[in-house]
>>> print(open('coords_17.cif').read())   # mmCIF, C-alpha atoms and all ligand atoms
data_target
loop_
_atom_site.label_atom_id
_atom_site.label_comp_id
_atom_site.auth_asym_id
_atom_site.auth_seq_id
_atom_site.Cartn_x
_atom_site.Cartn_y
_atom_site.Cartn_z
CA MET A 26 74.31 104.34 127.76
CA GLU A 27 74.80 100.94 126.05
CA ALA A 28 78.43 99.80 125.55
CA GLU A 29 78.35 100.37 121.79
CA ASP A 30 76.80 103.80 122.15
CA PHE A 31 79.37 104.67 124.77
CA ALA A 32 82.24 103.62 122.50
CA ALA A 33 80.77 105.80 119.76
CA HIS A 34 80.41 108.64 122.28
CA LEU A 35 84.11 108.35 123.18
CA THR A 36 85.10 108.29 119.53
CA ALA A 37 83.09 111.46 118.92
CA THR A 38 84.78 113.02 121.96
CA MET A 39 88.23 112.21 120.54
CA THR A 40 87.20 113.57 117.15
CA GLY A 41 86.10 116.84 118.76
CA SER A 42 89.44 117.17 120.58
CA ALA A 43 91.45 116.38 117.45
CA LEU A 44 89.46 118.83 115.33
CA THR A 45 89.88 121.52 117.99
CA MET A 46 93.66 121.12 117.63
CA LEU A 47 93.54 121.19 113.83
CA ILE A 48 91.26 124.24 113.85
CA GLY A 49 94.04 125.96 115.78
CA VAL A 50 96.53 124.83 113.11
CA GLY A 51 94.26 126.27 110.42
CA HIS A 52 94.06 129.57 112.26
CA ARG A 53 97.80 129.94 112.78
CA THR A 54 98.82 128.83 109.30
CA GLY A 55 96.28 131.12 107.61
CA LEU A 56 94.45 128.19 105.97
CA PHE A 57 90.98 129.38 106.96
CA GLU A 58 91.63 132.85 105.58
CA ALA A 59 92.97 131.37 102.35
CA ALA A 60 90.10 128.89 102.01
CA ALA A 61 87.50 131.61 102.56
CA ARG A 62 88.67 133.21 99.29
CA GLY A 63 86.93 130.49 97.31
CA ARG A 64 86.94 126.79 96.47
CA ALA A 65 90.31 125.27 95.71
CA THR A 66 92.15 122.02 95.13
CA SER A 67 94.64 121.08 97.83
CA ALA A 68 97.48 122.29 95.59
CA GLU A 69 95.75 125.61 94.93
CA LEU A 70 95.02 126.14 98.61
CA ALA A 71 98.60 125.24 99.57
CA GLU A 72 99.88 127.70 96.99
CA ARG A 73 97.46 130.39 98.18
CA ALA A 74 98.55 129.98 101.80
CA GLY A 75 102.25 129.44 100.98
CA LEU A 76 102.27 125.97 102.60
CA GLN A 77 103.28 122.39 101.78
CA GLU A 78 100.58 120.58 99.77
CA ARG A 79 100.99 117.22 101.51
CA TYR A 80 100.19 118.76 104.92
CA VAL A 81 97.37 120.85 103.55
CA ARG A 82 95.76 117.83 101.88
CA GLU A 83 95.72 115.82 105.10
CA TRP A 84 94.35 118.80 107.04
CA LEU A 85 91.65 119.21 104.39
CA GLY A 86 90.74 115.55 104.80
CA ALA A 87 90.05 116.19 108.48
CA MET A 88 88.13 119.38 107.71
CA VAL A 89 85.90 117.66 105.14
CA THR A 90 85.17 114.51 107.13
CA GLY A 91 84.83 116.63 110.28
CA GLY A 92 81.99 118.61 108.71
CA ILE A 93 83.83 121.93 108.48
CA PHE A 94 84.59 121.99 104.73
CA THR A 95 82.75 120.34 101.83
CA TYR A 96 84.36 118.42 98.96
CA ALA A 97 83.36 117.92 95.34
CA GLU A 98 86.31 116.42 93.53
CA PRO A 99 88.79 118.03 93.09
CA HIS A 100 87.66 121.12 95.03
CA TYR A 101 87.49 121.84 98.72
CA THR A 102 85.07 124.53 99.90
CA PHE A 103 84.88 126.44 103.16
CA PRO A 104 81.21 127.42 103.12
CA PRO A 105 80.56 131.06 104.11
CA GLU A 106 77.90 129.88 106.58
CA HIS A 107 80.68 127.96 108.40
CA ALA A 108 83.37 130.60 107.88
CA ARG A 109 81.54 133.15 109.99
CA PHE A 110 82.06 130.91 113.06
CA LEU A 111 85.83 130.75 112.54
CA LEU A 112 86.73 134.07 110.90
CA GLY A 113 85.77 137.71 111.19
CA GLU A 114 84.99 140.34 113.74
CA THR A 115 81.57 139.16 114.87
CA ALA A 116 80.08 137.61 117.98
CA SER A 117 79.57 134.32 116.11
CA ASN A 118 83.33 133.81 115.73
CA MET A 119 84.26 130.99 118.15
CA MET A 120 87.97 130.87 117.29
CA SER A 121 89.23 132.51 120.45
CA SER A 122 87.37 129.95 122.62
CA LEU A 123 88.72 127.06 120.53
CA LEU A 124 92.29 128.36 120.83
CA THR A 125 91.94 128.97 124.56
CA LEU A 126 90.76 125.40 125.08
CA SER A 127 93.82 124.01 123.28
CA ALA A 128 96.09 126.21 125.40
CA PHE A 129 94.84 124.52 128.59
CA THR A 130 96.68 121.34 127.62
CA GLY A 131 99.92 123.15 128.54
CA ILE A 132 98.99 123.42 132.22
CA LEU A 133 97.73 119.83 132.65
CA PRO A 134 100.90 118.54 134.41
CA ASP A 135 100.61 121.35 136.99
CA LEU A 136 96.87 120.70 137.37
CA GLU A 137 97.45 117.00 137.98
CA ARG A 138 100.09 117.85 140.58
CA ALA A 139 97.52 120.03 142.33
CA PHE A 140 95.00 117.15 142.29
CA ALA A 141 97.50 115.16 144.37
CA GLU A 142 99.15 117.84 146.47
CA GLY A 143 96.57 120.62 146.72
CA GLY A 144 97.04 124.24 145.73
CA GLY A 145 96.45 125.22 142.13
CA VAL A 146 97.83 126.62 138.89
CA PRO A 147 98.50 130.37 139.08
CA ARG A 148 96.92 132.67 136.47
CA SER A 149 100.40 133.69 135.31
CA ALA A 150 101.12 130.10 134.16
CA TYR A 151 98.61 130.33 131.28
CA GLY A 152 100.10 133.30 129.45
CA PRO A 153 102.85 131.51 127.49
CA TYR A 154 100.49 128.76 126.24
CA LEU A 155 97.79 131.23 125.24
CA GLU A 156 100.38 133.34 123.45
CA THR A 157 101.98 130.40 121.64
CA LEU A 158 98.60 129.24 120.33
CA GLY A 159 97.48 132.75 119.38
CA ALA A 160 94.57 132.84 121.85
CA LYS A 161 93.25 136.20 123.01
CA PRO A 162 90.54 135.29 125.51
CA GLY A 163 88.95 138.79 125.67
CA ASP A 164 88.29 138.73 121.93
CA SER A 165 85.05 136.76 121.95
CA TRP A 166 83.50 139.12 124.50
CA LYS A 167 84.70 142.13 122.50
CA HIS A 168 82.48 141.16 119.59
CA ILE A 169 79.62 140.22 121.90
CA TYR A 170 79.67 143.66 123.52
CA ARG A 171 79.74 145.40 120.17
CA GLU A 172 76.68 143.51 118.96
CA HIS A 173 74.70 142.88 122.12
CA LEU A 174 75.76 145.10 125.03
CA VAL A 175 73.36 147.97 124.56
CA ASP A 176 70.21 146.29 123.25
CA GLY A 177 70.70 142.68 124.32
CA PHE A 178 72.25 143.04 127.79
CA PHE A 179 71.34 146.53 129.08
CA GLY A 180 68.10 146.54 127.07
CA ALA A 181 66.90 143.44 128.97
CA VAL A 182 66.51 145.50 132.16
CA PRO A 183 63.52 147.85 132.06
CA GLY A 184 64.61 151.47 132.57
CA LEU A 185 68.35 150.81 132.51
CA THR A 186 69.15 152.33 129.12
CA ASP A 187 67.05 155.41 130.04
CA ARG A 188 69.07 155.79 133.21
CA LEU A 189 72.36 155.44 131.35
CA THR A 190 71.19 157.89 128.71
CA ALA A 191 70.29 160.44 131.39
CA GLY A 192 73.71 160.06 133.04
CA ALA A 193 74.84 157.58 135.68
CA ARG A 194 78.00 156.78 137.60
CA VAL A 195 78.99 153.30 136.44
CA LEU A 196 81.69 150.93 137.67
CA ASP A 197 82.68 147.87 135.61
CA LEU A 198 84.19 145.37 138.04
CA GLY A 199 86.81 143.04 136.54
CA CYS A 200 86.81 145.18 133.39
CA GLY A 201 89.67 143.28 131.71
CA THR A 202 90.91 145.19 128.67
CA GLY A 203 87.90 147.51 128.84
CA ASN A 204 85.89 146.06 125.97
CA ALA A 205 82.51 146.63 127.63
CA ILE A 206 83.33 150.20 128.62
CA ALA A 207 84.58 150.99 125.10
CA VAL A 208 81.08 150.27 123.82
CA ALA A 209 79.06 151.63 126.73
CA ALA A 210 80.93 154.93 127.05
CA ARG A 211 80.27 155.70 123.38
CA ALA A 212 76.61 154.69 123.60
CA PHE A 213 75.93 156.69 126.77
CA PRO A 214 78.02 159.90 126.65
CA ALA A 215 76.22 161.45 129.65
CA SER A 216 77.29 158.58 131.91
CA ARG A 217 80.71 158.29 133.53
CA PHE A 218 82.37 154.84 133.39
CA THR A 219 85.15 153.53 135.61
CA GLY A 220 86.79 150.17 134.94
CA LEU A 221 88.44 148.31 137.81
CA ASP A 222 90.68 145.28 137.44
CA ILE A 223 93.26 143.63 139.65
CA ASN A 224 95.53 142.80 136.70
CA PRO A 225 97.75 145.80 135.82
CA ASN A 226 98.54 144.41 132.35
CA VAL A 227 94.92 144.44 131.20
CA VAL A 228 94.31 147.87 132.74
CA GLU A 229 97.31 149.17 130.83
CA GLN A 230 95.65 147.99 127.60
CA ALA A 231 92.28 149.41 128.66
CA ARG A 232 93.89 152.82 129.13
CA GLY A 233 94.37 152.89 125.38
CA ILE A 234 90.61 153.53 125.14
CA ASP A 235 90.56 157.27 124.83
CA LEU A 236 87.07 158.47 125.69
CA PRO A 237 86.29 161.52 127.84
CA ASN A 238 83.78 159.64 130.02
CA ALA A 239 85.87 156.51 130.65
CA GLY A 240 88.69 155.83 133.12
CA PHE A 241 90.45 152.73 134.40
CA ALA A 242 92.06 151.76 137.69
CA VAL A 243 94.06 148.84 139.01
CA GLY A 244 92.51 147.55 142.20
CA ASP A 245 91.07 144.61 144.10
CA ALA A 246 87.27 144.47 144.08
CA ALA A 247 87.50 142.95 147.56
CA GLU A 248 88.72 146.36 148.71
CA LEU A 249 86.17 148.43 146.80
CA SER A 250 85.39 151.63 148.64
CA ALA A 251 81.81 152.75 149.42
CA ASP A 252 82.82 156.28 148.48
CA PRO A 253 81.99 157.43 145.89
CA PRO A 254 78.75 155.49 145.47
CA TYR A 255 77.81 154.17 142.02
CA ASP A 256 74.40 154.12 140.34
CA VAL A 257 75.24 151.01 138.39
CA ILE A 258 77.93 148.38 138.96
CA THR A 259 78.45 145.84 136.19
CA ALA A 260 80.42 142.59 136.32
CA PHE A 261 80.76 140.64 133.08
CA ASP A 262 82.03 137.12 133.62
CA ALA A 263 84.02 138.39 136.58
CA VAL A 264 82.39 137.19 139.81
CA HIS A 265 82.76 133.40 139.76
CA ASP A 266 86.55 133.79 139.34
CA GLN A 267 86.90 135.96 142.43
CA ASP A 268 89.14 134.59 145.16
CA ARG A 269 86.89 136.19 147.80
CA PRO A 270 83.49 136.41 146.08
CA ASP A 271 81.55 136.86 149.34
CA VAL A 272 83.67 139.87 150.28
CA VAL A 273 83.43 141.30 146.76
CA LEU A 274 79.62 141.02 146.69
CA ARG A 275 79.35 142.75 150.07
CA ARG A 276 81.65 145.51 148.84
CA VAL A 277 79.57 145.92 145.69
CA ARG A 278 76.42 146.20 147.79
CA GLY A 279 78.15 148.80 149.96
CA ALA A 280 79.35 150.84 146.98
CA LEU A 281 75.88 151.21 145.42
CA ALA A 282 73.74 154.31 145.78
CA PRO A 283 70.44 153.56 147.62
CA ASP A 284 68.59 153.19 144.31
CA GLY A 285 71.60 151.57 142.64
CA LEU A 286 71.67 148.41 140.58
CA PHE A 287 74.22 145.61 140.34
CA PHE A 288 74.23 144.06 136.88
CA MET A 289 76.01 140.72 137.10
CA VAL A 290 76.46 138.61 133.98
CA ASP A 291 77.57 135.11 134.84
CA THR A 292 77.23 131.51 133.71
CA ASP A 293 73.70 130.09 133.53
CA PHE A 294 73.63 126.64 135.08
CA SER A 295 72.27 124.93 138.15
CA SER A 296 74.38 124.48 141.28
CA ASP A 297 73.20 120.86 141.23
CA VAL A 298 75.18 118.64 138.88
CA ALA A 299 72.16 116.36 138.34
CA ALA A 300 70.14 119.28 137.01
CA ASN A 301 72.91 120.06 134.50
CA VAL A 302 72.83 116.61 132.90
CA GLY A 303 71.54 117.05 129.36
CA ASN A 304 72.58 120.72 129.15
CA PRO A 305 74.75 120.71 126.00
CA LEU A 306 77.10 123.35 127.44
CA ALA A 307 77.56 121.81 130.88
CA ALA A 308 80.44 119.35 130.30
CA LEU A 309 82.41 121.99 128.41
CA THR A 310 81.88 124.56 131.15
CA TYR A 311 82.74 122.14 133.99
CA SER A 312 85.93 121.31 132.06
CA ILE A 313 86.90 124.96 131.57
CA SER A 314 86.01 125.61 135.19
CA LEU A 315 88.36 122.85 136.34
CA MET A 316 91.20 123.78 133.98
CA TYR A 317 91.02 127.52 134.75
CA CYS A 318 88.50 128.99 137.19
CA THR A 319 88.76 126.47 140.01
CA THR A 320 92.48 125.85 139.94
CA THR A 321 93.49 129.52 139.58
CA SER A 322 91.37 130.38 142.59
CA LEU A 323 92.83 127.49 144.62
CA ALA A 324 96.32 128.71 143.69
CA GLU A 325 95.52 131.88 145.65
CA GLY A 326 93.83 130.06 148.53
CA GLY A 327 90.53 131.37 147.13
CA ALA A 328 86.94 130.16 147.37
CA ALA A 329 87.13 128.25 144.06
CA LEU A 330 83.48 128.85 143.20
CA GLY A 331 84.15 127.71 139.65
CA ALA A 332 82.18 128.59 136.54
CA MET A 333 79.46 126.07 137.49
CA TRP A 334 78.54 127.70 140.82
CA GLY A 335 75.02 127.96 139.48
CA ARG A 336 71.92 130.02 140.01
CA GLU A 337 71.05 128.63 143.45
CA LYS A 338 74.47 129.38 144.93
CA ALA A 339 74.59 132.79 143.23
CA ARG A 340 71.17 133.74 144.62
CA GLN A 341 72.19 132.64 148.10
CA MET A 342 75.45 134.63 147.99
CA LEU A 343 73.71 137.72 146.63
CA ALA A 344 71.13 137.52 149.43
CA ASP A 345 73.92 137.06 152.02
CA ALA A 346 75.61 140.19 150.63
CA GLY A 347 72.46 142.20 151.26
CA PHE A 348 70.69 142.22 147.89
CA ARG A 349 67.01 141.84 148.73
CA HIS A 350 65.70 141.96 145.17
CA VAL A 351 67.32 139.75 142.55
CA ASP A 352 65.85 139.01 139.13
CA VAL A 353 67.52 136.51 136.84
CA LEU A 354 67.09 137.32 133.15
CA ASP A 355 68.08 135.51 129.98
CA SER A 356 71.03 137.03 128.15
CA PRO A 357 71.88 137.09 124.42
CA ARG A 358 74.31 134.19 125.10
CA PRO A 359 72.75 130.86 126.10
CA GLN A 360 75.59 130.06 128.49
CA ASN A 361 75.08 133.27 130.47
CA CYS A 362 72.28 134.91 132.42
CA ILE A 363 71.92 138.38 133.92
CA TYR A 364 71.41 138.87 137.64
CA VAL A 365 69.72 142.21 138.23
CA CYS A 366 70.35 142.94 141.89
CA ARG A 367 68.95 145.75 144.02
CA PRO A 368 69.49 146.51 147.72
C1 LIG B 401 87.03 136.49 132.72
S1 LIG B 401 87.74 138.07 132.87
C2 LIG B 401 86.44 139.12 132.25
C3 LIG B 401 86.98 140.43 131.78
C4 LIG B 401 85.96 141.41 131.20
N1 LIG B 401 84.84 141.67 132.12
C5 LIG B 401 85.47 140.96 129.85
O1 LIG B 401 84.30 140.64 129.76
O2 LIG B 401 86.25 140.92 128.91
C6 LIG B 401 87.65 138.41 134.64
C7 LIG B 401 88.44 139.64 135.04
O3 LIG B 401 88.26 139.85 136.46
C8 LIG B 401 89.49 140.33 136.98
N2 LIG B 401 89.53 140.11 138.43
C9 LIG B 401 89.65 138.92 139.07
N3 LIG B 401 89.67 139.12 140.40
C10 LIG B 401 89.54 140.46 140.60
C11 LIG B 401 89.49 141.27 141.77
N4 LIG B 401 89.54 140.75 142.98
N5 LIG B 401 89.35 142.60 141.60
C12 LIG B 401 89.29 143.14 140.36
N6 LIG B 401 89.34 142.41 139.23
C13 LIG B 401 89.46 141.08 139.35
C14 LIG B 401 90.55 139.55 136.20
O4 LIG B 401 91.81 140.18 136.24
C15 LIG B 401 89.92 139.52 134.80
O5 LIG B 401 90.36 140.61 134.01
#
>>> encode(input="coords_17.cif", output="structure tokens", more="lines below")
Ligand SMILES: C[S@@+](CC[C@H](N)C(=O)[O-])C[C@H]1O[C@@H](n2cnc3c(N)ncnc32)[C@H](O)[C@@H]1O
Amino acid sequence: MEAEDFAAHLTATMTGSALTMLIGVGHRTGLFEAAARGRATSAELAERAGLQERYVREWLGAMVTGGIFTYAEPHYTFPPEHARFLLGETASNMMSSLLTLSAFTGILPDLERAFAEGGGVPRSAYGPYLETLGAKPGDSWKHIYREHLVDGFFGAVPGLTDRLTAGARVLDLGCGTGNAIAVAARAFPASRFTGLDINPNVVEQARGIDLPNAGFAVGDAAELSADPPYDVITAFDAVHDQDRPDVVLRRVRGALAPDGLFFMVDTDFSSDVAANVGNPLAALTYSISLMYCTTTSLAEGGAALGAMWGREKARQMLADAGFRHVDVLDSPRPQNCIYVCRP
């Protein structure tokens, strides 16, 4: 990149960071909600949101010049085609990812210490920052499951929805707050779903899902028992963060019925950094991987696969765990793919 282009690239990078912070401000102050009610002057919007006009006007300046709002004097408009990416209960809403990214700034001093001294930042360190900034990381996946789990994810695998309709024993590994099971258990009442997660707090929340064919347990996937066997084991965004992913994959293989299927949704990149150059999601995912996945694993003495472990590494680890047939399918999200793994 030429020097001038590089300077422009850095300026754009700073602008993105600054807008990410101000998008969080807009979320927490209710400005996006207020602006979505229709065009307004800065005074009208401030009044609508119960805020100080001077602050609102400067924020609006950033939103307009940052390409989020439009302006035709004296009115500011939050176009509905933009609003759906920052408001509402749909899979397009990116707010929870934006808020989560801002929250990572809180752990940077600990991360930098780990760069020098080793170790990592424990998962428990993130909670206060996420809470302060209003981030609920499971939220984006919640909407994705509702819109895409049955047709987009399960529907991508020939025969899988038929099998679930007929009745299967299903384990969701690293189930979090149970968002995938909440959708799947309703869609496939003849199947029995068990959610497993190592974090008791999220399992407690998942237990609020009151469905006759769904249950949740606290447990370590690295100690998954082979009895009872499962017909289908799913893992949504839950394998690359494992402290002992090799052990977990072997346990999953061992816990599958002979004709069972492991449905692993994970990030879709190459293991080779050179092959990721030009992928518009790569720098963001390496950054998130460093600020969360890698360091939280290192804090536990884990394998630190990171979110960018890539297809080649994933295929190798799945083969080492005893999966002889692995197909990699596109998923409804460009940053993820589906590994369909059979013994
Ligand atoms: C990124 S979250 C994904 C949660 C959920 N699948 C979803 O899509 O919302 C990964 C989850 O894996 C869980 N997890 C990590 N290591 C685990 C282990 N060894 N055994 C069980 N769960 C684990 C974490 O507690 C976390 O809830």
>>> closest_residue(input="coords_17.cif", among="A:Tyr311, A:Trp334, A:Phe241, A:Phe348", to="ligand LIG 401 (chain B)", atoms="all atoms listed in the file")
A:Phe241
>>> residues_around(input="coords_17.cif", residues="Phe103 in chain A", least_positions_apart="5", cutoff="6 Å", atoms="all atoms listed in the file", output="number ranges by chain")
A: 60-61, 94
>>> residues_near_ligand(input="coords_17.cif", ligand="ligand LIG 401 (chain B)", cutoff="9 Å", atoms="all atoms listed in the file", output="ChimeraX atom specification")
/A:162-167,170,197-205,221-228,243-249,259-270,273,318
>>> atom_distance(input="coords_17.cif", atom1="CA of Ala329 in chain A", atom2="CA of Glu156 in chain A")
25.0 Å
>>> atom_distance(input="coords_17.cif", atom1="CA of Ala215 in chain A", atom2="CA of Ser356 in chain A")
25.0 Å
>>> residues_near_point(input="coords_17.cif", point="(72.4, 124.3, 141.5)", cutoff="12 Å", atoms="all atoms listed in the file", output="ChimeraX atom specification")
/A:292-302,332-341
>>> atom_distance(input="coords_17.cif", atom1="CA of Tyr154 in chain A", atom2="CA of Ala324 in chain A")
17.9 Å
>>> residues_around(input="coords_17.cif", residues="Ser67 in chain A", least_positions_apart="2", cutoff="9 Å", atoms="all atoms listed in the file", output="NGL selection string")
:A and (65 or 69-72 or 78-79 or 81-82 or 85 or 99-101)
>>> closest_residue(input="coords_17.cif", among="A:Ala193, A:Ala116, A:Leu281, A:Leu309", to="Ser42 in chain A", atoms="only C-alpha atoms")
A:Leu309
>>> closest_residue(input="coords_17.cif", among="A:Leu155, A:Ala210, A:Met119, A:Leu286", to="Pro237 in chain A", atoms="only C-alpha atoms")
A:Ala210
>>> closest_residue(input="coords_17.cif", among="A:Pro359, A:Pro147, A:Gly75, A:Gly159", to="Ser121 in chain A", atoms="all atoms listed in the file")
A:Gly159
>>> residues_around(input="coords_17.cif", residues="Thr45 in chain A", least_positions_apart="3", cutoff="9 Å", atoms="only C-alpha atoms", output="PyMOL selection string")
chain A and resi 40-42+48-50+123-124+126-127
>>> write_last_selection(input="coords_17.cif", atoms="C-alpha atoms", output="PDB file, keeping the file's coordinate frame")
ATOM      1  CA  THR A  40      87.200 113.570 117.150  1.00  0.00           C
ATOM      2  CA  GLY A  41      86.100 116.840 118.760  1.00  0.00           C
ATOM      3  CA  SER A  42      89.440 117.170 120.580  1.00  0.00           C
ATOM      4  CA  ILE A  48      91.260 124.240 113.850  1.00  0.00           C
ATOM      5  CA  GLY A  49      94.040 125.960 115.780  1.00  0.00           C
ATOM      6  CA  VAL A  50      96.530 124.830 113.110  1.00  0.00           C
ATOM      7  CA  LEU A 123      88.720 127.060 120.530  1.00  0.00           C
ATOM      8  CA  LEU A 124      92.290 128.360 120.830  1.00  0.00           C
ATOM      9  CA  LEU A 126      90.760 125.400 125.080  1.00  0.00           C
ATOM     10  CA  SER A 127      93.820 124.010 123.280  1.00  0.00           C
TER      11      SER A 127
END
>>> residues_around(input="coords_17.cif", residues="Thr321 in chain A", least_positions_apart="6", cutoff="12 Å", atoms="all atoms listed in the file", output="count of residues only")
26
>>> residues_around(input="coords_17.cif", residues="Phe179 in chain A", least_positions_apart="3", cutoff="10 Å", atoms="only C-alpha atoms", output="count of residues only")
15
